[in-house]
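Everything below belongs to run.txt, which stores compact mmCIF, C-alpha atoms.
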# COMPACT_ATOMS: atom_id res chain seq x y z
CA MET A 20 1.89 -1.71 -12.46
CA ASN A 21 -1.90 -1.96 -12.73
CA TRP A 22 -1.76 -5.60 -11.68
CA TYR A 23 0.06 -4.64 -8.48
CA LEU A 24 -2.38 -1.85 -7.67
CA ASP A 25 -5.42 -4.03 -8.41
CA VAL A 26 -4.22 -6.60 -5.89
CA LEU A 27 -3.71 -3.84 -3.32
CA LYS A 28 -7.25 -2.59 -3.98
CA LYS A 29 -8.53 -6.09 -3.18
CA TYR A 30 -6.61 -5.86 0.11
CA ALA A 31 -8.25 -8.73 1.99
CA VAL A 32 -10.45 -10.38 -0.65
CA PHE A 33 -10.14 -14.13 -0.36
CA ASN A 34 -13.03 -15.14 -2.62
CA GLY A 35 -13.15 -15.20 -6.39
CA ARG A 36 -10.44 -16.07 -8.87
CA ALA A 37 -7.16 -14.51 -10.03
CA ARG A 38 -5.43 -15.08 -13.36
CA ARG A 39 -1.86 -16.32 -13.59
CA GLN A 40 -0.81 -12.98 -14.99
CA GLU A 41 -2.32 -11.10 -12.05
CA PHE A 42 -0.51 -13.31 -9.54
CA TRP A 43 2.88 -13.37 -11.22
CA MET A 44 2.91 -9.65 -12.05
CA PHE A 45 2.09 -8.91 -8.41
CA PHE A 46 4.88 -11.26 -7.39
CA LEU A 47 7.36 -9.56 -9.76
CA PHE A 48 6.53 -6.02 -8.61
CA ASN A 49 6.57 -7.18 -5.00
CA VAL A 50 10.11 -8.60 -5.37
CA ILE A 51 11.32 -5.42 -7.10
CA ALA A 52 9.76 -3.20 -4.42
CA ALA A 53 11.19 -5.36 -1.62
CA ILE A 54 14.70 -5.11 -3.09
CA ILE A 55 14.43 -1.33 -3.46
CA ILE A 56 13.10 -0.94 0.09
CA MET A 57 15.86 -3.18 1.43
CA VAL A 58 18.56 -1.12 -0.32
CA VAL A 59 17.06 2.16 0.94
CA ASP A 60 16.71 0.66 4.41
CA MET A 61 20.38 -0.34 4.46
CA ALA A 62 21.44 3.05 3.08
CA ILE A 63 19.74 4.99 5.85
CA GLY A 64 20.88 2.49 8.48
CA THR A 65 17.53 1.25 9.75
CA TYR A 66 17.65 -2.27 8.28
CA PRO A 67 15.32 -4.23 8.70
CA LEU A 68 12.73 -1.69 9.95
CA LEU A 69 11.32 -0.45 6.61
CA TYR A 70 11.52 -3.94 5.11
CA VAL A 71 9.49 -5.44 7.98
CA VAL A 72 6.89 -2.66 7.71
CA TYR A 73 6.59 -3.31 3.96
CA PHE A 74 6.32 -7.06 4.53
CA LEU A 75 3.54 -6.62 7.08
CA ALA A 76 1.68 -4.18 4.81
CA ILE A 77 1.80 -6.57 1.85
CA LEU A 78 1.06 -9.78 3.80
CA LEU A 79 -2.75 -9.78 3.46
CA PRO A 80 -2.85 -8.74 -0.21
CA GLY A 81 -0.26 -11.42 -0.98
CA LEU A 82 -2.24 -14.10 0.81
CA GLY A 83 -5.43 -12.91 -0.88
CA VAL A 84 -4.05 -13.10 -4.42
CA THR A 85 -2.50 -16.50 -3.70
CA VAL A 86 -5.80 -17.88 -2.43
CA ARG A 87 -7.65 -16.43 -5.44
CA ARG A 88 -5.02 -17.98 -7.73
CA LEU A 89 -5.58 -21.39 -6.10
CA HIS A 90 -9.32 -20.88 -6.57
CA ASP A 91 -8.71 -20.32 -10.29
CA THR A 92 -7.12 -23.77 -10.51
CA GLY A 93 -10.12 -25.32 -8.76
CA ARG A 94 -8.40 -25.79 -5.40
CA SER A 95 -9.34 -24.59 -1.97
CA GLY A 96 -7.39 -21.70 -0.50
CA TRP A 97 -6.31 -24.02 2.29
CA TRP A 98 -3.82 -25.56 -0.15
CA ILE A 99 -1.59 -22.60 0.70
CA LEU A 100 -0.68 -24.49 3.87
CA ILE A 101 1.15 -27.10 1.79
CA ASP A 102 3.98 -24.56 1.77
CA LEU A 103 4.65 -25.52 5.40
CA ILE A 104 6.12 -28.85 4.25
CA PRO A 105 9.86 -28.23 3.90
CA LEU A 106 11.16 -28.02 0.30
CA VAL A 107 8.55 -30.27 -1.32
CA GLY A 108 5.61 -28.10 -0.22
CA ALA A 109 7.03 -24.98 -1.86
CA ILE A 110 7.64 -26.83 -5.12
CA ILE A 111 4.10 -28.23 -5.17
CA LEU A 112 2.63 -24.79 -4.41
CA ILE A 113 4.62 -23.20 -7.25
CA VAL A 114 3.32 -25.88 -9.63
CA PHE A 115 -0.26 -25.18 -8.49
CA LEU A 116 0.22 -21.43 -8.95
CA ALA A 117 1.78 -21.86 -12.40
CA THR A 118 -0.87 -24.19 -13.84
CA GLU A 119 -3.56 -22.82 -16.09
CA GLY A 120 -6.89 -22.06 -14.44
CA ASP A 121 -10.19 -23.75 -15.18
CA GLN A 122 -11.55 -22.64 -18.55
CA HIS A 123 -15.12 -22.76 -17.32
CA GLU A 124 -16.92 -21.41 -14.28
CA ASN A 125 -16.02 -23.31 -11.12
CA ALA A 126 -17.22 -23.20 -7.50
CA HIS A 127 -15.26 -19.98 -6.92
CA GLY A 128 -16.70 -17.91 -9.76
CA PRO A 129 -16.50 -17.25 -13.50
CA ASN A 130 -13.36 -17.48 -15.58
CA PRO A 131 -11.34 -14.26 -14.98
CA LYS A 132 -9.90 -14.43 -18.51
CA LEU A 133 -13.32 -13.54 -19.89
CA ALA A 134 -13.35 -10.27 -17.95
CA PRO A 135 -12.40 -7.10 -19.84
CA ALA A 136 -8.64 -6.54 -20.08
CA TYR A 137 -6.72 -3.31 -19.54
Target encoding structure tokens, full file:
Amino acid sequence: MNWYLDVLKKYAVFNGRARRQEFWMFFLFNVIAAIIIMVVDMAIGTYPLLYVVYFLAILLPGLGVTVRRLHDTGRSGWWILIDLIPLVGAIILIVFLATEGDQHENAHGPNPKLAPAY
């Protein structure tokens, strides 16, 4: 849960680096929260109102952590636009997000693995 809250605290931070664990834990909690919100939204009969509000609220933090994750692999944040290529772009982006980050300091900052853990 701390990973999710840390990403929300860095609401619109697009510089620096993010570890794989930070990105994928945020992704996992985001999917779980979206499913819960969708079920509640359907139960009270307002679908897709609450889901759209949640999506809009989480859009910038999600983009921020994705850009920071790409920075960790030594790529520019603009690589996120590769997702616009149908099918192939999403696969390439997932591979980029799943690869291990640079072990040394790169142009986007120091290795986040060397930072103190929780």
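You can rank A:Val86, A:Asp60, A:Glu124, A:Tyr23 by their closest distance to Leu112 of chain A using only C-alpha atoms, and at the top of that list sits A:Val86.
With distances taken over all atoms listed in the file, A:Phe48 is the one residue among A:Ser95, A:Ile113, A:Asp102, A:Phe48 lying closest to Leu27 of chain A.
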### Message
Excluding Val50 of chain A and its own-chain neighbours fewer than 6 positions away, which residues fall within 12 Å of it when counting all atoms listed in the file? Please give them as an MDAnalysis selection string.
### Response
chainID A and resid 23 43:44 56:57 70 73:74 77 81
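Proximity to segment 125-134 of chain A at 7 Å, evaluated using all atoms listed in the file and with sequence-adjacent residues fewer than 4 positions away removed, yields Asn34, Gly35, Arg36, Ala37, Arg38, His90 and Gly93 of chain A.
Using only C-alpha atoms for every distance, the candidate list A:Thr92, A:Asn49, A:Asn21, A:Thr118 yields A:Asn49 as the residue closest to Ala76 of chain A.
For the pair atom CA of Glu119 of chain A and atom CA of Glu41 of chain A, the separation is 12.5 Å.
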### Query
Just how far from atom CA of Leu82 of chain A is atom CA of Ile99 of chain A, in Å to one decimal?
8.5 Å
### Task
Work out how far apart atom CA of Thr85 of chain A and atom CA of Leu116 of chain A are and give it in Å to one decimal.
7.7 Å
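Near Asp25 of chain A, within 12 Å and counting all atoms listed in the file, sit Met20, Asn21, Trp22, Lys28, Lys29, Tyr30, Ala31, Val32, Ala37, Glu41, Phe42, Met44, Phe45, Pro80, Gly81, Gly83, Val84 and Tyr137 of chain A, not including residues fewer than 3 positions from it in the same chain.
Each of A:Arg94, A:Phe46, A:Ala53, A:Ala62 was compared to Leu24 of chain A using only C-alpha atoms, and A:Phe46 turns out to be the nearest.
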### Message
With distances taken over only C-alpha atoms, which residue among A:Tyr66, A:Leu75, A:Gly96, A:Arg39 lies nearest Asp121 of chain A?
### Response
A:Arg39
